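Dumped my_file36.txt below, it's compact mmCIF, C-alpha atoms:
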```
# COMPACT_ATOMS: atom_id res chain seq x y z
CA MET N 1 10.98 23.24 12.63
CA LYS N 2 14.23 21.32 12.64
CA SER N 3 15.21 17.67 12.21
CA SER N 4 16.53 17.60 15.78
CA ARG N 5 13.14 18.74 17.10
CA ILE N 6 11.12 16.06 15.37
CA LEU N 7 13.63 13.44 16.55
CA LYS N 8 13.31 14.74 20.10
CA TYR N 9 9.53 14.25 20.16
CA PHE N 10 9.81 10.91 18.35
CA GLU N 11 12.16 9.63 21.06
CA GLU N 12 9.91 11.07 23.76
CA TYR N 13 6.90 9.21 22.37
CA ILE N 14 8.86 5.96 22.02
CA LYS N 15 9.72 5.97 25.74
CA LYS N 16 6.24 4.67 26.53
CA ILE N 17 6.57 1.75 24.10
CA ASP N 18 7.72 -1.69 25.27
CA MET N 19 10.99 -1.96 23.39
CA ASN N 20 11.52 -5.53 24.64
CA ASN N 21 9.14 -6.47 21.86
CA SER N 22 11.32 -7.34 18.84
CA TYR N 23 8.66 -5.96 16.51
CA SER N 24 8.79 -2.57 18.24
CA LYS N 25 12.58 -2.52 17.98
CA ALA N 26 12.36 -3.27 14.28
CA LYS N 27 9.82 -0.48 13.84
CA TYR N 28 12.07 1.94 15.73
CA PHE N 29 15.03 1.44 13.43
CA HIS N 30 12.72 1.26 10.41
CA SER N 31 11.38 4.72 11.28
CA LEU N 32 14.86 6.23 11.66
CA LYS N 33 16.02 4.64 8.41
CA SER N 34 12.91 5.91 6.64
CA MET N 35 13.72 9.45 7.77
CA ASP N 36 17.26 9.17 6.39
CA LEU N 37 16.10 7.72 3.07
CA ALA N 38 13.45 10.39 2.64
CA ARG N 39 16.00 13.19 2.92
CA ILE N 40 18.44 11.44 0.57
CA ILE N 41 15.80 11.03 -2.13
CA ALA N 42 14.20 14.45 -1.65
CA SER N 43 17.53 16.26 -1.66
CA ASN N 44 18.19 15.10 -5.22
CA PHE N 45 15.33 17.19 -6.59
CA ASN N 46 16.65 20.64 -5.68
CA ILE N 47 13.06 21.91 -5.49
CA PHE N 48 12.44 21.74 -1.75
CA THR N 49 13.26 24.35 0.86
CA GLU N 50 15.01 23.19 4.04
CA GLU N 51 11.70 23.50 5.87
CA GLU N 52 10.01 21.26 3.30
CA LEU N 53 12.81 18.71 3.60
CA VAL N 54 12.19 18.56 7.35
CA VAL N 55 8.45 18.06 6.70
CA ILE N 56 9.33 15.14 4.41
CA GLU N 57 11.55 13.74 7.15
CA LEU N 58 8.69 14.11 9.62
CA ILE N 59 6.28 12.18 7.40
CA ALA N 60 8.80 9.36 6.96
CA LEU N 61 9.72 9.23 10.65
CA PHE N 62 6.14 9.17 11.93
CA HIS N 63 4.37 7.22 9.17
CA ASP N 64 4.25 4.09 11.38
CA ILE N 65 4.03 5.73 14.79
CA GLY N 66 0.56 4.30 15.43
CA ASN N 67 1.69 0.71 14.92
CA PHE N 68 4.56 0.38 17.38
CA GLU N 69 2.66 -1.69 19.91
CA GLN N 70 1.55 -4.30 17.41
CA LYS N 71 2.89 -7.66 18.67
CA ASN N 72 3.89 -9.19 15.36
CA TYR N 73 4.03 -8.44 11.69
CA ASN N 74 3.45 -10.28 8.44
CA TYR N 75 4.54 -8.47 5.29
CA LEU N 76 1.94 -10.39 3.32
CA ASP N 77 -0.94 -9.84 5.72
CA ASN N 78 -4.13 -9.22 3.77
CA THR N 79 -5.95 -7.42 6.58
CA ASN N 80 -8.42 -4.79 5.50
CA GLU N 81 -7.48 -2.51 8.40
CA ASP N 82 -5.83 0.72 7.25
CA SER N 83 -2.91 1.09 9.63
CA THR N 84 -2.10 4.58 8.32
CA MET N 85 -5.10 5.98 10.18
CA LYS N 86 -3.54 4.95 13.49
CA SER N 87 -0.49 7.10 12.79
CA ILE N 88 -2.64 10.04 11.67
CA HIS N 89 -4.64 9.64 14.89
CA VAL N 90 -1.48 9.81 17.04
CA LEU N 91 -0.15 12.89 15.27
CA PHE N 92 -3.38 14.87 14.98
CA ASP N 93 -6.04 13.57 17.36
CA GLU N 94 -3.64 12.87 20.22
CA GLY N 95 -1.83 16.14 19.53
CA LEU N 96 1.73 14.92 18.99
CA LEU N 97 2.22 17.09 15.90
CA ARG N 98 1.19 20.26 17.76
CA LYS N 99 3.89 19.54 20.34
CA ILE N 100 6.43 19.53 17.54
CA THR N 101 5.15 22.64 15.77
CA ASP N 102 2.31 25.16 15.94
CA GLU N 103 2.55 25.62 12.18
CA THR N 104 -0.51 24.16 10.44
CA LYS N 105 0.21 24.91 6.77
CA TYR N 106 1.76 21.46 6.24
CA ASP N 107 -0.99 19.48 7.98
CA THR N 108 -2.68 18.37 4.77
CA ILE N 109 0.51 17.12 3.12
CA ILE N 110 1.55 15.32 6.30
CA LYS N 111 -1.80 13.51 6.44
CA LEU N 112 -1.68 12.78 2.72
CA GLY N 113 1.93 11.55 2.80
CA ILE N 114 1.21 9.13 5.63
CA PHE N 115 -2.10 7.94 4.17
CA CYS N 116 -0.71 7.33 0.67
CA HIS N 117 2.62 5.72 1.57
CA ASN N 118 1.29 2.16 1.18
CA LYS N 119 -1.43 2.85 -1.39
CA ASP N 120 -1.22 2.08 -5.10
CA ALA N 121 -2.25 5.52 -6.32
CA LEU N 122 -2.44 9.18 -5.35
CA PRO N 123 -5.53 11.38 -5.14
CA GLN N 124 -6.37 13.31 -8.29
CA ASN N 125 -5.91 17.06 -8.62
CA ILE N 126 -2.99 17.46 -6.21
CA ASP N 127 -0.17 19.81 -7.19
CA GLU N 128 3.12 18.55 -8.59
CA LYS N 129 5.20 19.18 -5.47
CA THR N 130 2.67 17.44 -3.23
CA ALA N 131 2.62 14.45 -5.58
CA CYS N 132 6.41 14.37 -5.53
CA ILE N 133 6.48 14.31 -1.72
CA CYS N 134 3.94 11.48 -1.62
CA ASN N 135 5.90 9.48 -4.20
CA ILE N 136 9.11 9.97 -2.23
CA ILE N 137 7.43 8.48 0.85
CA LYS N 138 6.02 5.64 -1.27
CA ASP N 139 9.55 4.86 -2.51
CA VAL N 140 10.89 4.95 1.04
CA TYR N 141 8.19 2.47 2.07
CA LYS N 142 9.17 0.02 -0.71
CA LEU N 143 12.89 0.38 -0.07
CA GLU N 144 12.32 -0.35 3.59
CA GLU N 145 10.15 -3.39 2.82
CA LEU N 146 13.11 -4.83 0.91
CA ARG N 147 15.63 -3.98 3.64
CA MET N 148 13.45 -5.30 6.44
CA VAL N 149 13.06 -8.68 4.75
CA ILE N 150 16.86 -9.00 4.81
CA ASN N 151 17.46 -7.74 8.35
CA TYR N 152 14.24 -8.92 10.01
CA PRO N 153 13.15 -12.00 8.03
CA TYR N 154 9.45 -12.18 8.78
CA VAL N 155 8.85 -14.00 5.53
CA ASP N 156 9.65 -17.73 5.55
CA ASN N 157 12.85 -18.05 3.50
CA ARG N 158 12.72 -21.83 3.02
CA ILE N 159 12.16 -22.33 -0.70
CA ASP N 160 11.25 -25.86 -1.77
CA THR N 161 9.39 -25.20 -5.01
CA TYR N 162 9.02 -22.81 -7.92
CA PRO N 163 6.57 -19.90 -7.76
CA THR N 164 3.10 -20.54 -9.11
CA THR N 165 2.40 -19.78 -12.75
CA LEU N 166 0.05 -16.87 -12.03
CA VAL N 167 2.58 -15.11 -9.80
CA TYR N 168 5.50 -15.73 -12.14
CA ASN N 169 3.57 -14.53 -15.18
CA ASP N 170 2.85 -11.23 -13.43
CA PHE N 171 6.46 -10.97 -12.35
CA LYS N 172 7.68 -11.44 -15.94
CA LEU N 173 5.57 -8.44 -16.89
CA PHE N 174 7.52 -6.33 -14.35
CA ARG N 175 4.52 -5.32 -12.32
CA LYS N 176 3.72 -5.40 -8.64
CA ILE N 177 2.05 -8.65 -7.61
CA ASN N 178 -1.09 -8.78 -5.50
CA THR N 179 -0.37 -10.46 -2.16
CA LYS N 180 -3.62 -12.43 -2.40
CA MET N 181 -2.11 -14.43 -5.28
CA SER N 182 0.48 -16.05 -3.02
CA ASP N 183 0.33 -19.83 -2.69
CA ASN N 184 3.83 -20.73 -1.41
CA ASN N 185 7.08 -19.26 -0.05
CA ALA N 186 8.53 -18.74 -3.52
CA ASP N 187 5.48 -16.64 -4.40
CA ASN N 188 6.04 -14.55 -1.27
CA ILE N 189 9.60 -13.73 -2.30
CA LEU N 190 8.56 -12.68 -5.81
CA ILE N 191 5.82 -10.49 -4.33
CA ILE N 192 8.39 -8.69 -2.19
CA LEU N 193 10.85 -8.34 -5.07
CA SER N 194 8.06 -6.94 -7.25
CA TYR N 195 7.91 -3.84 -5.02
CA LEU N 196 10.79 -2.41 -7.00
CA PHE N 197 8.68 -2.32 -10.18
CA GLU N 198 6.67 0.58 -8.72
CA LEU N 199 9.55 2.79 -7.58
CA ASN N 200 9.26 6.34 -8.86
CA TYR N 201 12.78 7.77 -8.86
CA LYS N 202 16.27 6.95 -10.08
CA THR N 203 17.76 7.67 -6.67
CA SER N 204 15.61 4.89 -5.22
CA TYR N 205 16.89 2.41 -7.78
CA SER N 206 20.44 3.58 -7.15
CA LEU N 207 20.02 2.90 -3.43
CA ILE N 208 18.82 -0.65 -4.11
CA LEU N 209 21.85 -1.27 -6.30
CA GLU N 210 24.24 0.36 -3.84
CA LYS N 211 22.91 -1.66 -0.89
CA GLU N 212 22.72 -4.87 -2.97
CA TYR N 213 19.22 -5.57 -1.66
CA ILE N 214 18.30 -7.99 -4.45
CA THR N 215 21.45 -10.08 -4.09
CA LYS N 216 21.11 -10.14 -0.31
CA ILE N 217 17.50 -11.32 -0.48
CA VAL N 218 18.29 -14.09 -2.97
CA ASN N 219 21.34 -15.18 -0.96
CA SER N 220 19.30 -15.30 2.26
CA LEU N 221 16.98 -17.98 0.89
CA ILE N 222 17.34 -21.61 1.94
CA TYR N 223 16.87 -23.78 -1.13
CA GLU N 224 15.73 -27.40 -1.05
CA ASP N 225 16.49 -27.89 -4.74
CA LYS N 226 19.49 -26.77 -6.83
CA LYS N 227 17.29 -26.11 -9.85
CA VAL N 228 15.08 -23.78 -7.81
CA GLU N 229 18.20 -22.03 -6.52
CA LYS N 230 19.41 -21.55 -10.10
CA PHE N 231 16.00 -20.13 -10.99
CA PHE N 232 16.25 -17.47 -8.26
CA LYS N 233 19.82 -16.64 -9.23
CA GLN N 234 18.51 -15.94 -12.73
CA ILE N 235 15.82 -13.74 -11.21
CA GLU N 236 18.58 -11.82 -9.42
CA THR N 237 20.48 -11.27 -12.69
CA VAL N 238 17.36 -10.04 -14.48
CA LEU N 239 16.44 -7.64 -11.67
CA VAL N 240 19.92 -6.16 -11.35
CA SER N 241 19.89 -5.55 -15.11
CA TYR N 242 16.41 -3.99 -14.82
CA ILE N 243 17.60 -1.64 -12.06
CA LYS N 244 20.67 -0.56 -14.05
CA LYS N 245 18.46 0.30 -17.01
CA LYS N 246 16.19 2.36 -14.76
CA ILE N 247 19.19 4.30 -13.49
CA SER N 248 20.60 4.94 -16.94
```
structure tokens encoding of this file:
Amino acid sequence: MKSSRILKYFEEYIKKIDMNNSYSKAKYFHSLKSMDLARIIASNFNIFTEEELVVIELIALFHDIGNFEQKNYNYLDNTNEDSTMKSIHVLFDEGLLRKITDETKYDTIIKLGIFCHNKDALPQNIDEKTACICNIIKDVYKLEELRMVINYPYVDNRIDTYPTTLVYNDFKLFRKINTKMSDNNADNILIILSYLFELNYKTSYSLILEKEYITKIVNSLIYEDKKVEKFFKQIETVLVSYIKKKIS
């Protein structure tokens, strides 16, 4: 199995999707970017064979394949529907994976990587390499959430107030914030920024710093009040310092 082969079948599948839908276009480039990020992060471990690296690329590329025809997207949607099962259905039940490869030894890790990419935890009793692969995909997911907010601003960036006390208190503890706690646009931004508190690897933090994701998000906001703007600029300073400490 080669990277070029999985890309070939990805492009073949995408041909039947209405790419006039802006959401589908965003998902297309999100999938390609996820594939690139997955290899960058995984390559830093020096524990994966080339075949395993391609499997990691496959998981990242196809993790959202079942959601391309969704008409819109809200990053803070609290739906109970598990969208990962749609992608697993396309790969396994519809047979897309078997077109790419007859090899079945990676089926479990592919299912697990896709299923866990947006979950808070991993199943117990999985081996260290499998856990590493799942955590790589989880990091890719969070990095892409940050990038997508900058390039495809589905979150309202008009900030006219401070975040609520409950959200800010969680943020100050450097932990991921539950989306259900959101009460205004400022809360939404802190929820998105809090994704970086659950990154697993130094390479992921390095990529955030290199791409200046935090600064770009803060600069993209439209502030109604100079004091609120100053508050978010202070948030930016704290987060950049936090990331540098994680790298060092």
So that each row is one residue of stretch 104-149 of chain N with an atom at most 10 Å from stretch 217-223 of chain N, can you give its shortest atom pair and the distance in Å to one decimal, using all atoms listed in the file, rows by chain and rising number, as CSV?
```
residue,atom,partner,partner_atom,distance
N:Leu146,CA,N:Ile217,CA,8.0
N:Arg147,CA,N:Ile217,CA,8.6
N:Val149,CA,N:Ile217,CA,7.4
```
**Asked** Which of these, N:Met1, N:Ile133, N:Leu143, N:Met148, has the shortest distance to N:Glu50 once you count only C-alpha atoms?
**Response** N:Met1
**Item:** Who sits within 10 Å of stretch 30-39 of chain N, only C-alpha atoms, same chain under 5 positions skipped, as a ChimeraX atom specification
**Value:** /N:3,7,10,24-25,44,53-65,133,136-141,143-145,147-148,203-204,207
**Distance query N:Thr130 at most 10 Å, all atoms listed in the file, self and fewer than 3 positions along chain excluded, as JSON, numbers by chain** = {"N": [108, 109, 110, 112, 113, 122, 126, 127, 133, 134, 135, 136]}
**Message:** Show me, as an MDAnalysis selection string, the residues that have an atom within 8 Å of stretch 96-107 of chain N when counting only C-alpha atoms, minus same-chain residues fewer than 4 positions from it.
**Reply:** chainID N and resid 1 5:6 9 55 90:92 111
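Straight-line separation from atom CA of N:Leu209 to atom CA of N:Ile192: 15.9 Å.
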**Prompt:** Which of these residues is nearest to N:Ile214, using all atoms listed in the file: N:Ser241, N:Asn200, N:Ser248, N:Asn169?
**Reply:**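 So, comparing all the options, the nearest one is N:Ser241.
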**Nearest residue to N:Tyr195 from the set N:Asp120, N:Glu224, N:Glu210, N:Glu11 (distances using only C-alpha atoms)** = N:Asp120
Can I get a file of stretch 173-189 of chain N from the given structure, C-alpha atoms kept, as a compact mmCIF listing (two decimals), in the first residue's frame?
```txt
# COMPACT_ATOMS: atom_id res chain seq x y z
CA LEU N 173 -6.91 25.59 34.66
CA PHE N 174 -5.56 24.73 31.18
CA ARG N 175 -8.13 22.08 30.44
CA LYS N 176 -10.43 21.42 27.52
CA ILE N 177 -13.80 23.12 27.96
CA ASN N 178 -17.10 21.33 27.43
CA THR N 179 -18.98 22.88 24.49
CA LYS N 180 -22.23 22.74 26.46
CA MET N 181 -20.87 25.45 28.77
CA SER N 182 -20.88 28.06 26.00
CA ASP N 183 -23.11 31.08 26.51
CA ASN N 184 -21.64 33.66 24.09
CA ASN N 185 -19.15 34.13 21.23
CA ALA N 186 -16.25 34.77 23.59
CA ASP N 187 -16.95 31.40 25.24
CA ASN N 188 -16.89 29.74 21.83
CA ILE N 189 -13.42 31.09 21.08
```
